[in-house]
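Read through the structure below, which is laid out as structure tokens, and then see the notes.
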Amino acid sequence: MTDPAAAMPEPHRRQDAELLEDALFQVKRVVVGQDRLVERALLCLIAGGHCLIEGVPGLAKTLTVSTMADVVGGQFARIQFTPDLVPADVVGTRVWRPSAEAFDIEWGPIFANLVLADEINRAPAKVQSALLEVMAERQVSIAGQTRRVPEPFLVLATQNPIESEGVYALPEAQRDRFLMHVLVDQPSYDEENAIARRMSVSPPKAEQVLTLEQLVGLQGAARDVFVHHAVQDYAVRLVMATREPEKWGVTSHAELIALGASPRGTLGLISAGRALAVLRGRRFLVPQDVFDVAPEVLRHRVMLSYEALAQDVTVETVLGQILETVPAPRVAPHQDEVTRTLVPSATAVVPGTDGWSQQAAG
């Protein structure tokens with residue numbers, strides 16, 4: 001079988017990785033710490049998947065998204081979600097034109113390349129449902145007319161987990177449409193000092209280092225990343241372990257999962273892993289890429305049971321057990337050291353007398 005990514009010369013892949021690294025550091029010029037948030041937001045850009053960012057106020061969630069828009073360029077729209085928001089404020093509505101004596105459609109701010117849905121969980125269910133079509137099909141339908149959003153298109157939404165008044169929980173159908181759910185932690189002592197020092201003078205500004213054409217090219221490069229059937233099977237097994245834990249060896253947490261990940265979880269592991277491979281300068285996907293993006297891709301797709309809530313078990317604990325239990329394949333010899341250091345509980349698959357044999361990797 002011919003490697004579909006072989007058509008991309010090695011220098012081009014290095015240039016892509018250097019370009020993405022430059023974009024990362026441009027954002028980090030403005031945002032102190034939050035390295036995982038910045039990297040995951042960039043991965044969503046490359047993979048073309050929406051990103052849900054959750055954290056308490058003041059952790060630079062909005063700043064990260066707006067800075068990312070400055071680095072990438074293109075059209076940027078910020079929609080502040082409030083309890084009195086209506087679908088027309090987001091996607092648009094019909095308006096009467098007296099001069100033409102006819103109705104016309106005024107399209108909403110959702111028609112942009114990067115859309116920041118700030119505090120998305122403050123909007124009621126009617127507004128949330130208006131986002132389902134545009135997030136999944138990349139189009140908006142009003143009064144029988146359908147218009148596609150510009151390409152590339154990405155929704156980066158923020159939400160505050162500690163608010164209780166005027167907050168509406170996101171429906172499962174909408175959460176499933178986000179490629180990643182990123183949790184933002186409080187800054188460390190050193191990062192807090194850096195914030196105080198950096199923001200006490202003129203705040204730094206990011207420069208645009210990517211064009212929309214380059215971003216579309218990077219998305220194409222991610223789609224061309226080669227996926228070995230063993231790595232694809234690893235992603236499938238991770239998702240299946242969230243649905244039938246006992247069948248796939250996760251016996252200790254079987255009663256804690258009420259609903260496992262949907263097929264979008266499998267596709268998300270592969271697409272986000274491909275984006276991470278491009279960021280790391282590779283034209284092929286390895287199990288470590290899938291392992292690294294699994295928490296963000298599966299976190300919002302696994303629903304815990306009442307027993308888990310009663311025992312104060314978090315979804316991170318359940319996913320950690322799944323990642324430790326489901327064995328990871330080895331598809332390239334140079335993975336040995338990486339697998340031993342980063343996935344200590346993985347199982348390596350190596351050529352043997354029966355074609356494939358398994359051995360412990362740690």
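Residue numbering restarts at 1 for every chain of the structure tokens, chains are lettered A, B, ... in their displayed order, and ligands are numbered from 1 as they appear.
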Give me, as JSON lines, each residue of stretch 129-161 of chain A that comes within 6 Å of stretch 45-69 of chain A, together with its shortest interatomic pair and the distance in Å at one decimal, counting only C-alpha atoms, with rows ordered by chain and rising residue number.
{"residue": "A:Leu154", "atom": "CA", "partner": "A:His50", "partner_atom": "CA", "distance": 5.5}
{"residue": "A:Val155", "atom": "CA", "partner": "A:His50", "partner_atom": "CA", "distance": 5.0}
{"residue": "A:Leu156", "atom": "CA", "partner": "A:Cys51", "partner_atom": "CA", "distance": 4.8}
{"residue": "A:Ala157", "atom": "CA", "partner": "A:Leu52", "partner_atom": "CA", "distance": 4.9}
{"residue": "A:Thr158", "atom": "CA", "partner": "A:Ile53", "partner_atom": "CA", "distance": 4.7}
{"residue": "A:Gln159", "atom": "CA", "partner": "A:Glu54", "partner_atom": "CA", "distance": 5.0}
{"residue": "A:Asn160", "atom": "CA", "partner": "A:Val56", "partner_atom": "CA", "distance": 5.4}
(Q) With only C-alpha atoms as the counted atoms, please give the residues lying no more than 6 Å from A:Leu256, apart from itself and same-chain residues fewer than 5 positions off, as a PyMOL selection string. (A) chain A and resi 304-305+308
Selection to disk with N, CA and C atoms, as a short mmCIF file (atom, residue, chain, number, x, y, z; two decimals), in the first residue's frame:
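Listing of again_37.cif after writing:
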data_model
loop_
_atom_site.label_atom_id
_atom_site.label_comp_id
_atom_site.auth_asym_id
_atom_site.auth_seq_id
_atom_site.Cartn_x
_atom_site.Cartn_y
_atom_site.Cartn_z
N LEU A 304 -20.86 9.70 33.41
CA LEU A 304 -20.70 8.86 34.58
C LEU A 304 -22.06 8.51 35.18
N SER A 305 -22.10 7.40 35.87
CA SER A 305 -23.33 6.94 36.51
C SER A 305 -23.53 7.67 37.84
N ALA A 308 -20.99 6.73 40.40
CA ALA A 308 -19.72 7.44 40.30
C ALA A 308 -19.82 8.81 40.97
#
Q: Return as JSON, numbers by chain the full set of residues in stretch 114-356 of chain A whose backbone-based DSSP assignment is strand (DSSP E).
A: {"A": [114, 115, 116, 117, 118, 139, 140, 141, 142, 145, 146, 147, 148, 154, 155, 156, 157, 158, 159, 178, 179, 180, 181, 182, 183, 257, 258, 259, 303, 304, 347, 348, 349, 350]}
Include N, CA and C atoms and write out the residues we just selected as a tab-separated table (two decimals), in the first residue's frame.
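result_13.tsv was written with the following content:
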chain	number	residue	atom	x	y	z
A	114	LEU	N	-13.13	32.29	12.63
A	114	LEU	CA	-12.98	31.91	14.04
A	114	LEU	C	-14.07	32.60	14.84
A	115	VAL	N	-14.88	31.80	15.52
A	115	VAL	CA	-15.98	32.33	16.31
A	115	VAL	C	-15.72	32.01	17.77
A	116	LEU	N	-15.65	33.03	18.60
A	116	LEU	CA	-15.50	32.86	20.04
A	116	LEU	C	-16.88	32.92	20.67
A	117	ALA	N	-17.37	31.79	21.16
A	117	ALA	CA	-18.64	31.74	21.88
A	117	ALA	C	-18.32	31.87	23.36
A	118	ASP	N	-18.32	33.10	23.83
A	118	ASP	CA	-17.88	33.38	25.20
A	118	ASP	C	-18.97	33.04	26.19
A	139	GLN	N	-23.16	24.99	7.90
A	139	GLN	CA	-24.12	25.76	7.12
A	139	GLN	C	-25.24	26.22	8.03
A	140	VAL	N	-25.95	27.26	7.55
A	140	VAL	CA	-27.09	27.82	8.28
A	140	VAL	C	-28.27	27.88	7.34
A	141	SER	N	-29.44	27.45	7.81
A	141	SER	CA	-30.66	27.46	7.01
A	141	SER	C	-31.67	28.39	7.67
A	142	ILE	N	-32.14	29.39	6.90
A	142	ILE	CA	-33.14	30.35	7.37
A	142	ILE	C	-34.16	30.55	6.27
A	145	GLN	N	-33.58	29.12	2.87
A	145	GLN	CA	-32.31	29.44	2.23
A	145	GLN	C	-31.16	28.89	3.08
A	146	THR	N	-30.19	28.30	2.41
A	146	THR	CA	-29.03	27.72	3.09
A	146	THR	C	-27.76	28.41	2.63
A	147	ARG	N	-26.95	28.78	3.58
A	147	ARG	CA	-25.67	29.44	3.28
A	147	ARG	C	-24.58	28.77	4.08
A	148	ARG	N	-23.49	28.47	3.42
A	148	ARG	CA	-22.36	27.84	4.07
A	148	ARG	C	-21.48	28.89	4.74
A	154	LEU	N	-14.27	27.56	12.64
A	154	LEU	CA	-14.00	26.93	13.94
A	154	LEU	C	-14.71	27.70	15.04
A	155	VAL	N	-15.39	26.96	15.91
A	155	VAL	CA	-16.02	27.54	17.09
A	155	VAL	C	-15.17	27.19	18.30
A	156	LEU	N	-14.71	28.20	19.00
A	156	LEU	CA	-13.99	28.02	20.26
A	156	LEU	C	-14.86	28.61	21.35
A	157	ALA	N	-15.40	27.76	22.20
A	157	ALA	CA	-16.35	28.18	23.22
A	157	ALA	C	-15.71	28.11	24.59
A	158	THR	N	-16.07	29.06	25.45
A	158	THR	CA	-15.60	29.06	26.83
A	158	THR	C	-16.80	28.89	27.75
A	159	GLN	N	-16.55	28.27	28.89
A	159	GLN	CA	-17.61	28.17	29.90
A	159	GLN	C	-17.00	28.19	31.29
A	178	PHE	N	-18.12	19.01	19.81
A	178	PHE	CA	-16.81	19.60	20.08
A	178	PHE	C	-15.75	18.51	19.97
A	179	LEU	N	-14.70	18.81	19.23
A	179	LEU	CA	-13.61	17.85	19.10
A	179	LEU	C	-12.91	17.64	20.43
A	180	MET	N	-12.65	18.73	21.15
A	180	MET	CA	-11.93	18.66	22.41
A	180	MET	C	-12.62	19.45	23.50
A	181	HIS	N	-12.45	18.97	24.72
A	181	HIS	CA	-12.90	19.68	25.92
A	181	HIS	C	-11.66	19.88	26.78
A	182	VAL	N	-11.19	21.12	26.86
A	182	VAL	CA	-9.94	21.44	27.53
A	182	VAL	C	-10.24	22.08	28.88
A	183	LEU	N	-9.64	21.55	29.94
A	183	LEU	CA	-9.77	22.12	31.27
A	183	LEU	C	-8.57	23.02	31.55
A	257	ILE	N	-19.63	3.97	34.55
A	257	ILE	CA	-19.90	4.60	33.26
A	257	ILE	C	-21.34	4.35	32.88
A	258	ALA	N	-22.09	5.42	32.67
A	258	ALA	CA	-23.48	5.31	32.25
A	258	ALA	C	-23.61	5.30	30.74
A	259	LEU	N	-22.77	6.06	30.05
A	259	LEU	CA	-22.82	6.14	28.59
A	259	LEU	C	-21.42	6.39	28.06
A	303	MET	N	-20.27	9.77	29.98
A	303	MET	CA	-21.18	10.16	31.05
A	303	MET	C	-21.05	9.17	32.21
A	304	LEU	N	-20.86	9.70	33.41
A	304	LEU	CA	-20.70	8.86	34.58
A	304	LEU	C	-22.06	8.51	35.18
A	347	THR	N	1.12	-1.90	25.93
A	347	THR	CA	1.62	-3.17	25.42
A	347	THR	C	2.10	-2.97	24.00
A	348	ALA	N	3.30	-3.42	23.71
A	348	ALA	CA	3.86	-3.24	22.37
A	348	ALA	C	3.51	-4.43	21.51
A	349	VAL	N	3.20	-4.18	20.24
A	349	VAL	CA	2.93	-5.22	19.27
A	349	VAL	C	4.11	-5.28	18.31
A	350	VAL	N	4.78	-6.40	18.28
A	350	VAL	CA	5.99	-6.53	17.47
A	350	VAL	C	5.86	-7.75	16.58
Q) Nearest to A:Arg274 among A:Asp176, A:Glu18, A:Asp292, A:Asp104, with distances taken over only C-alpha atoms: which residue is it? A) A:Asp292
Check which residues of stretch 122-144 of chain A sit at most 10 Å from stretch 83-96 of chain A using only C-alpha atoms, and return one row each with the closest pair of atoms and their distance in Å to one decimal, ordered by chain and rising number, as a Markdown table.
| residue | atom | partner | partner_atom | distance |
| --- | --- | --- | --- | --- |
| A:Arg122 | CA | A:Pro83 | CA | 5.5 |
| A:Ala123 | CA | A:Pro83 | CA | 4.9 |
| A:Pro124 | CA | A:Pro83 | CA | 6.0 |
| A:Ala125 | CA | A:Val86 | CA | 9.7 |
| A:Lys126 | CA | A:Pro87 | CA | 6.7 |
| A:Val127 | CA | A:Pro87 | CA | 4.8 |
| A:Gln128 | CA | A:Pro87 | CA | 8.1 |
| A:Ser129 | CA | A:Pro87 | CA | 8.4 |
| A:Ala130 | CA | A:Pro87 | CA | 5.9 |
| A:Leu131 | CA | A:Val91 | CA | 8.0 |
| A:Val134 | CA | A:Val91 | CA | 8.6 |
| A:Gln139 | CA | A:Val91 | CA | 9.7 |
| A:Val140 | CA | A:Val91 | CA | 6.9 |
| A:Ser141 | CA | A:Val91 | CA | 8.7 |
| A:Ile142 | CA | A:Thr93 | CA | 6.9 |
| A:Ala143 | CA | A:Arg94 | CA | 7.5 |
Q: Would you mind listing what lies within 9 Å of A:Val227 as number ranges by chain, with only C-alpha atoms counted and same-chain residues fewer than 4 positions away left out?
A: A: 231-232, 270, 274, 284-286
For the residues selected in the previous step, produce a file with N, CA and C atoms as a compact mmCIF listing (two decimals), in the first residue's frame.
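Output file part_0.txt is given in full below:
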# COMPACT_ATOMS: atom_id res chain seq x y z
N VAL A 231 -2.89 1.35 14.69
CA VAL A 231 -3.16 2.58 15.44
C VAL A 231 -4.65 2.91 15.37
N GLN A 232 -5.24 2.69 14.21
CA GLN A 232 -6.68 2.89 14.09
C GLN A 232 -7.44 1.96 15.03
N ILE A 270 -8.54 10.09 15.97
CA ILE A 270 -7.70 9.98 14.79
C ILE A 270 -7.39 11.36 14.22
N ARG A 274 -3.77 13.05 14.25
CA ARG A 274 -3.11 13.48 13.01
C ARG A 274 -2.60 14.91 13.12
N PHE A 284 3.11 10.39 9.79
CA PHE A 284 2.40 9.17 10.16
C PHE A 284 1.96 9.29 11.62
N LEU A 285 0.89 8.58 11.95
CA LEU A 285 0.32 8.60 13.28
C LEU A 285 0.88 7.46 14.12
N VAL A 286 1.26 7.75 15.35
CA VAL A 286 1.74 6.72 16.27
C VAL A 286 0.79 6.65 17.46
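Distance check against A:Glu296 using only C-alpha atoms: of A:Gly265, A:Ala17, A:Leu24, A:Gln321, the minimum falls on A:Gly265.
Between atom CA of A:Pro171 and atom CA of A:Asn121 the interatomic distance comes to 9.7 Å.
Shortest atom-to-atom contact with A:Leu170 among A:His229, A:His300, A:Arg78, A:Arg40: A:His300, counting only C-alpha atoms.
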Enumerate, in order of chain and increasing residue number, the residues of stretch 267-345 of chain A with an atom no farther than 12 Å from stretch 240-243 of chain A, each with its shortest atom pair and distance in Å to one decimal, counting only C-alpha atoms, as a tab-separated table.
residue	atom	partner	partner_atom	distance
A:Ala294	CA	A:Thr242	CA	11.7
A:Leu298	CA	A:Thr242	CA	8.9
A:Arg299	CA	A:Thr242	CA	10.6
A:His300	CA	A:Thr242	CA	11.9
A:Arg301	CA	A:Thr242	CA	9.2
A:Val302	CA	A:Thr242	CA	7.0
A:Met303	CA	A:Thr242	CA	9.3
A:Leu304	CA	A:Thr242	CA	10.2
A:Val315	CA	A:Thr242	CA	10.7
A:Val318	CA	A:Thr242	CA	8.8
A:Leu319	CA	A:Thr242	CA	8.1
A:Gly320	CA	A:Thr242	CA	11.3
A:Gln321	CA	A:Ala241	CA	10.1
A:Ile322	CA	A:Ala241	CA	6.8
A:Leu323	CA	A:Ala241	CA	9.3
A:Glu324	CA	A:Ala241	CA	11.4
A:Thr325	CA	A:Ala241	CA	9.2
A:Val326	CA	A:Ala241	CA	7.7
A:Pro327	CA	A:Ala241	CA	11.2
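Of the residues listed (A:Tyr306, A:Phe103, A:Tyr189, A:Phe111), A:Phe111 shows the shortest atom-to-atom separation from A:Pro152; distances use only C-alpha atoms.
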(Q) I need the alpha helix (DSSP H) residues of stretch 8-56 of chain A per DSSP on the backbone, written as number ranges by chain. (A) A: 10-30, 35-47
Mind dumping the selected residues with C-alpha atoms as a tab-separated table (two decimals), in the first residue's frame?
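Saved to result.tsv:
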chain	number	residue	atom	x	y	z
A	10	GLU	CA	10.22	16.04	4.00
A	11	PRO	CA	11.26	19.75	3.84
A	12	HIS	CA	7.59	20.74	3.56
A	13	ARG	CA	6.74	18.78	6.69
A	14	ARG	CA	9.58	20.48	8.56
A	15	GLN	CA	8.36	23.86	7.33
A	16	ASP	CA	4.85	23.06	8.57
A	17	ALA	CA	6.18	22.11	12.00
A	18	GLU	CA	8.32	25.26	12.18
A	19	LEU	CA	5.37	27.41	11.11
A	20	LEU	CA	3.16	25.89	13.79
A	21	GLU	CA	5.88	26.27	16.40
A	22	ASP	CA	6.15	29.96	15.47
A	23	ALA	CA	2.38	30.29	15.88
A	24	LEU	CA	2.55	28.64	19.30
A	25	PHE	CA	5.24	30.99	20.54
A	26	GLN	CA	3.39	34.03	19.22
A	27	VAL	CA	0.44	33.08	21.42
A	28	LYS	CA	2.77	32.36	24.35
A	29	ARG	CA	4.20	35.86	24.02
A	30	VAL	CA	0.82	37.09	25.27
A	35	ASP	CA	0.77	25.55	27.45
A	36	ARG	CA	-1.66	22.66	27.13
A	37	LEU	CA	-4.57	25.00	26.38
A	38	VAL	CA	-2.60	26.84	23.69
A	39	GLU	CA	-1.40	23.62	22.06
A	40	ARG	CA	-4.85	21.99	22.15
A	41	ALA	CA	-6.49	25.07	20.65
A	42	LEU	CA	-3.96	25.00	17.83
A	43	LEU	CA	-4.60	21.27	17.31
A	44	CYS	CA	-8.30	22.01	16.90
A	45	LEU	CA	-7.42	24.61	14.27
A	46	ILE	CA	-5.35	22.08	12.33
A	47	ALA	CA	-7.89	19.28	12.72
